[in-house]
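Containing mmCIF, C-alpha atoms: start.cif.
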data_model
#
loop_
_atom_site.label_atom_id
_atom_site.label_comp_id
_atom_site.auth_asym_id
_atom_site.auth_seq_id
_atom_site.Cartn_x
_atom_site.Cartn_y
_atom_site.Cartn_z
CA CYS A 1 11.99 -42.74 -34.55
CA ASN A 2 11.25 -44.47 -37.86
CA ILE A 3 12.49 -41.54 -39.93
CA ALA A 4 15.54 -41.16 -37.69
CA THR A 5 16.29 -44.87 -38.14
CA GLN A 6 16.16 -44.56 -41.92
CA ILE A 7 18.39 -41.47 -41.96
CA ILE A 8 20.94 -42.98 -39.57
CA ALA A 9 21.02 -46.23 -41.54
CA GLN A 10 21.67 -44.37 -44.80
CA VAL A 11 24.45 -42.28 -43.27
CA ALA A 12 26.03 -45.32 -41.59
CA SER A 13 25.99 -47.42 -44.75
CA ASN A 14 27.81 -44.76 -46.74
CA GLN A 15 30.78 -44.11 -44.51
CA TYR A 16 33.49 -45.84 -42.54
CA GLY A 17 33.59 -45.52 -38.79
CA GLY A 18 30.81 -44.88 -36.38
CA ASN A 19 28.01 -42.41 -35.94
CA THR A 20 26.75 -40.68 -32.85
CA VAL A 21 23.25 -39.33 -32.41
CA ALA A 22 23.92 -36.68 -29.81
CA GLU A 23 21.26 -36.03 -27.20
CA ILE A 24 18.49 -37.99 -28.87
CA ASP A 25 16.22 -37.09 -25.98
CA ASP A 26 16.52 -33.44 -26.95
CA VAL A 27 16.11 -34.19 -30.66
CA LEU A 28 12.87 -36.13 -30.13
CA ASP A 29 11.42 -33.75 -27.51
CA GLU A 30 9.47 -31.55 -29.93
CA TYR A 31 8.19 -34.54 -31.90
CA CYS A 32 6.84 -36.13 -28.73
CA GLU A 33 5.00 -32.89 -28.00
CA LYS A 34 3.50 -32.92 -31.50
CA SER A 35 2.36 -36.52 -31.07
CA TYR A 36 0.97 -35.66 -27.65
CA GLN A 37 -1.09 -32.79 -29.08
CA PHE A 38 -2.32 -35.07 -31.87
CA TYR A 39 -3.54 -37.61 -29.31
CA ILE A 40 -5.15 -34.93 -27.13
CA LYS A 41 -7.12 -33.84 -30.20
CA GLN A 42 -7.98 -37.46 -30.96
CA TYR A 43 -9.23 -37.96 -27.40
CA LYS A 44 -11.43 -34.85 -27.66
CA GLU A 45 -12.93 -36.15 -30.92
CA ILE A 46 -13.64 -39.58 -29.41
CA VAL A 47 -15.31 -38.03 -26.35
CA GLU A 48 -17.40 -35.66 -28.50
CA GLU A 49 -18.51 -38.48 -30.81
CA ALA A 50 -19.53 -40.56 -27.81
CA GLY A 51 -21.39 -37.61 -26.26
CA GLY A 52 -19.18 -37.69 -23.19
CA GLU A 53 -17.56 -34.99 -21.11
CA TYR A 54 -13.93 -34.01 -21.69
CA ASP A 55 -11.67 -34.89 -18.75
CA GLU A 56 -8.24 -33.25 -18.85
CA ALA A 57 -6.55 -35.86 -16.66
CA LYS A 58 -7.92 -38.73 -18.76
CA ALA A 59 -6.92 -36.93 -21.95
CA ASP A 60 -3.39 -36.49 -20.63
CA LYS A 61 -3.13 -40.18 -19.71
CA PHE A 62 -4.58 -41.25 -23.08
CA ALA A 63 -2.11 -39.09 -25.00
CA GLU A 64 0.94 -39.91 -22.88
CA ASP A 65 0.26 -43.65 -23.09
CA ARG A 66 0.24 -43.41 -26.87
CA VAL A 67 3.43 -41.33 -26.99
CA ARG A 68 5.02 -43.93 -24.69
CA ARG A 69 3.94 -46.72 -27.04
CA GLU A 70 5.30 -44.86 -30.08
CA LEU A 71 8.66 -44.33 -28.37
CA SER A 72 8.90 -47.91 -27.19
CA GLN A 73 8.15 -49.28 -30.64
CA GLY A 74 10.49 -46.73 -32.21
CA PHE A 75 13.46 -47.71 -30.05
CA GLN A 76 12.75 -51.39 -30.54
CA SER A 77 12.92 -50.67 -34.27
CA ILE A 78 16.20 -48.79 -33.91
CA GLU A 79 17.73 -51.66 -31.93
CA LEU A 80 16.45 -54.27 -34.35
CA THR A 81 17.68 -52.33 -37.38
CA PHE A 82 21.19 -51.75 -36.09
CA ASN A 83 21.64 -55.31 -34.89
CA SER A 84 20.30 -57.11 -37.94
CA VAL A 85 20.98 -55.00 -41.03
CA SER A 86 24.54 -54.86 -42.27
CA SER A 87 26.03 -51.90 -44.06
CA SER A 88 27.06 -51.88 -47.73
CA ARG A 89 30.51 -53.05 -46.59
CA GLY A 90 29.01 -56.17 -44.96
CA ASP A 91 29.53 -55.15 -41.34
CA PHE A 92 27.09 -53.81 -38.80
CA PRO A 93 27.05 -50.02 -38.50
CA PHE A 94 28.45 -48.72 -35.24
CA LEU A 95 25.97 -46.33 -33.70
CA ALA A 96 26.17 -44.50 -30.38
CA VAL A 97 23.31 -42.56 -28.80
CA THR A 98 23.74 -40.02 -26.01
CA PHE A 99 20.92 -39.04 -23.68
CA GLY A 100 19.93 -38.30 -20.09
CA HIS A 101 20.87 -34.65 -19.71
CA ARG A 102 17.55 -32.94 -20.50
CA THR A 103 14.83 -32.23 -17.96
CA SER A 104 11.66 -31.71 -19.99
CA ARG A 105 8.73 -34.09 -19.69
CA TRP A 106 9.35 -35.65 -23.08
CA ALA A 107 13.13 -35.75 -22.96
CA THR A 108 13.04 -37.63 -19.66
CA LEU A 109 10.41 -39.99 -21.08
CA VAL A 110 12.63 -40.64 -24.12
CA SER A 111 15.58 -41.42 -21.83
CA SER A 112 13.51 -43.69 -19.64
CA ILE A 113 12.10 -45.58 -22.64
CA ILE A 114 15.58 -46.08 -24.11
CA LEU A 115 16.65 -47.73 -20.86
CA LYS A 116 13.47 -49.81 -20.58
CA VAL A 117 13.76 -51.13 -24.14
CA ARG A 118 17.42 -52.03 -23.63
CA LYS A 119 16.68 -53.84 -20.36
CA GLU A 120 13.89 -55.86 -21.97
CA GLY A 121 16.13 -57.00 -24.83
CA GLN A 122 15.22 -58.25 -28.29
CA GLY A 123 14.05 -61.65 -29.49
CA LYS A 124 11.27 -64.11 -28.91
CA PRO A 125 9.45 -64.06 -25.57
CA GLY A 126 11.38 -66.13 -23.06
CA HIS A 127 14.58 -65.78 -25.11
CA LYS A 128 15.12 -62.01 -25.16
CA VAL A 129 18.67 -60.70 -24.82
CA PRO A 130 20.07 -57.17 -24.64
CA VAL A 131 21.57 -55.99 -27.92
CA VAL A 132 24.90 -54.28 -28.60
CA PHE A 133 23.84 -51.39 -30.82
CA PRO A 134 23.20 -48.61 -30.52
CA LYS A 135 25.82 -48.07 -27.88
CA LEU A 136 24.07 -46.13 -25.14
CA ILE A 137 25.87 -43.25 -23.46
CA PHE A 138 24.22 -41.62 -20.45
CA ILE A 139 25.30 -38.01 -19.90
CA TYR A 140 25.78 -37.60 -16.14
CA ASP A 141 25.78 -34.29 -14.30
CA LYS A 142 26.00 -34.35 -10.51
CA ASP A 143 23.83 -31.21 -10.35
CA LEU A 144 21.04 -33.07 -12.20
CA HIS A 145 21.59 -36.73 -11.30
CA GLY A 146 23.22 -36.54 -7.88
CA GLU A 147 21.53 -37.50 -4.64
CA GLY A 148 18.33 -35.54 -4.13
CA LYS A 149 18.57 -33.84 -7.53
CA GLU A 150 15.88 -33.53 -10.19
CA LEU A 151 16.99 -36.48 -12.33
CA GLU A 152 18.32 -38.79 -9.63
CA TRP A 153 15.52 -41.22 -10.52
CA LEU A 154 16.69 -41.38 -14.14
CA PHE A 155 20.28 -42.08 -13.10
CA LYS A 156 19.00 -44.92 -10.91
CA GLU A 157 17.13 -46.33 -13.92
CA ALA A 158 20.37 -46.15 -15.92
CA VAL A 159 22.26 -48.04 -13.21
CA GLU A 160 19.54 -50.73 -13.17
CA CYS A 161 19.86 -50.99 -16.95
CA THR A 162 23.64 -51.36 -16.66
CA LYS A 163 23.17 -54.24 -14.20
CA ILE A 164 21.09 -56.14 -16.78
CA ALA A 165 22.44 -55.04 -20.17
CA GLN A 166 25.99 -53.73 -19.45
CA TYR A 167 24.92 -50.43 -20.98
CA PRO A 168 24.69 -47.50 -20.86
CA ASP A 169 28.20 -46.23 -20.57
CA TYR A 170 28.47 -42.97 -18.64
CA LEU A 171 29.91 -39.65 -19.69
CA SER A 172 30.32 -37.15 -16.88
CA VAL A 173 30.07 -33.47 -17.70
CA ASP A 174 31.46 -32.52 -14.30
CA ILE A 175 34.92 -31.04 -14.19
#

Show how you would write the structure in this file as structure tokens.
Amino acid sequence: CNIATQIIAQVASNQYGGNTVAEIDDVLDEYCEKSYQFYIKQYKEIVEEAGGEYDEAKADKFAEDRVRRELSQGFQSIELTFNSVSSSRGDFPFLAVTFGHRTSRWATLVSSIILKVRKEGQGKPGHKVPVVFPKLIFIYDKDLHGEGKELEWLFKEAVECTKIAQYPDYLSVDI
């Protein structure tokens, strides 16, 4: 997320108009897996050093919790950057992010974290408000997000986010 933020900020500050990061959940999927494997290895090392016994379920929870934390901090950073740093022209860069259409473990986690961070807002505790950028665009597909479908839960999270933060907007891929 930090590298993506730097790249997006550089691109945005050197052009007029907006930028869209298409399917950020798909883009970050492989990096989440790499972080997950790093934390699994770290868990194994901690257990070995302590003379304990490796527990796969505990290792999974340990690693996923850390990936979750990385993503949450990463999206907070993206929101903070694009709502506080102006471009070289003196305005705030317009950034849109699309997500919500991928079904892998990490892609759905990325989408869920995006919504959670937006709902929580930015600012001091007790004074947090939802930000404007990046503009969130949820990609809706009735075969994925419809009633009883695989990602219905994620669509419901998006609707809850919209109630609080007025985003995401929705883009239907159904014809």

Residue contacts of A:Tyr43 (7 Å, only C-alpha atoms) excluding same-chain residues fewer than 4 positions away, as an mmCIF file with C-alpha atoms, in the frame of the given file:
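Generated output (part05.cif):
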data_model
loop_
_atom_site.group_PDB
_atom_site.id
_atom_site.type_symbol
_atom_site.label_atom_id
_atom_site.label_comp_id
_atom_site.auth_asym_id
_atom_site.auth_seq_id
_atom_site.Cartn_x
_atom_site.Cartn_y
_atom_site.Cartn_z
ATOM 1 C CA TYR A 39 -3.540 -37.610 -29.310
ATOM 2 C CA VAL A 47 -15.310 -38.030 -26.350
ATOM 3 C CA ALA A 59 -6.920 -36.930 -21.950
#

For the file shown, report as a PyMOL selection string the outcome of the PyMOL selection byres ((chain A and resi 112) around 12) at residue level. chain A and resi 24-25+68+71-72+75+99-103+105-111+113-119+138+151+153-161+168

Using the chain letters and numbers from this file, what does the PyMOL selection byres ((chain A and resi 98) around 7) select? Give the answer as a PyMOL selection string. chain A and resi 21-24+96-97+99+136-139

Write a file of the just-selected residues containing C-alpha atoms, as a PDB file, in the frame of the given file.
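The resulting selection_13.pdb:
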ATOM      1  CA  VAL A  21      23.250 -39.330 -32.410  1.00  0.00           C
ATOM      2  CA  ALA A  22      23.920 -36.680 -29.810  1.00  0.00           C
ATOM      3  CA  GLU A  23      21.260 -36.030 -27.200  1.00  0.00           C
ATOM      4  CA  ILE A  24      18.490 -37.990 -28.870  1.00  0.00           C
ATOM      5  CA  ALA A  96      26.170 -44.500 -30.380  1.00  0.00           C
ATOM      6  CA  VAL A  97      23.310 -42.560 -28.800  1.00  0.00           C
ATOM      7  CA  PHE A  99      20.920 -39.040 -23.680  1.00  0.00           C
ATOM      8  CA  LEU A 136      24.070 -46.130 -25.140  1.00  0.00           C
ATOM      9  CA  ILE A 137      25.870 -43.250 -23.460  1.00  0.00           C
ATOM     10  CA  PHE A 138      24.220 -41.620 -20.450  1.00  0.00           C
ATOM     11  CA  ILE A 139      25.300 -38.010 -19.900  1.00  0.00           C
TER      12      ILE A 139
END

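This file, filtered with the PyMOL selection byres ((chain A and resi 6) around 12), gives the residues Cys1, Asn2, Ile3, Ala4, Thr5, Ile7, Ile8, Ala9, Gln10, Val11, Ala12, Ser13, Gly74, Ser77, Ile78, Thr81, Phe82 and Val85 of chain A.
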
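Ranking A:Gln73, A:Tyr167, A:Asp65, A:Val173 by their shortest atom-to-atom distance to A:Tyr36, with all atoms listed in the file included, puts A:Asp65 first.
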
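The coordinates place atom CA of A:Glu64 at 25.1 Å from atom CA of A:Pro134.
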
Counting only C-alpha atoms, which of A:Pro130, A:Leu28, A:Lys34, A:Gln76 gets nearest to A:Lys163? A:Pro130

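Across the structure, atom CA of A:Arg69 and atom CA of A:Asp141 are spaced 28.2 Å apart.
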
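Atom CA of A:Gln166 is positioned 17.5 Å from atom CA of A:Gly123.
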
For A:Glu33, the closest of A:Ser172, A:Thr162, A:Asn19, A:Ser104 counting only C-alpha atoms is A:Ser104

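Comparing A:Glu48, A:Glu152, A:Asp174, A:Glu79 by their smallest distance to A:Val129, the closest is A:Glu79 (using only C-alpha atoms).
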
Shell of 12 Å around stretch 54-57 of chain A, all atoms listed in the file, local chain residues under 4 positions omitted, as a list in words: Ile40, Lys41, Gln42, Tyr43, Lys44, Glu45, Ile46, Val47, Glu48, Glu49, Ala50, Lys61, Phe62, Ala63 and Glu64 of chain A

What are the centre and edge lengths in Å, to one decimal, of the axis-aligned box around all listed atoms of stretch 37-43 of chain A with 8 Å added on each side, as lines of an AutoDock Vina configuration file?
center_x = -5.2
center_y = -35.4
center_z = -29.5
size_x = 24.1
size_y = 21.2
size_z = 20.7
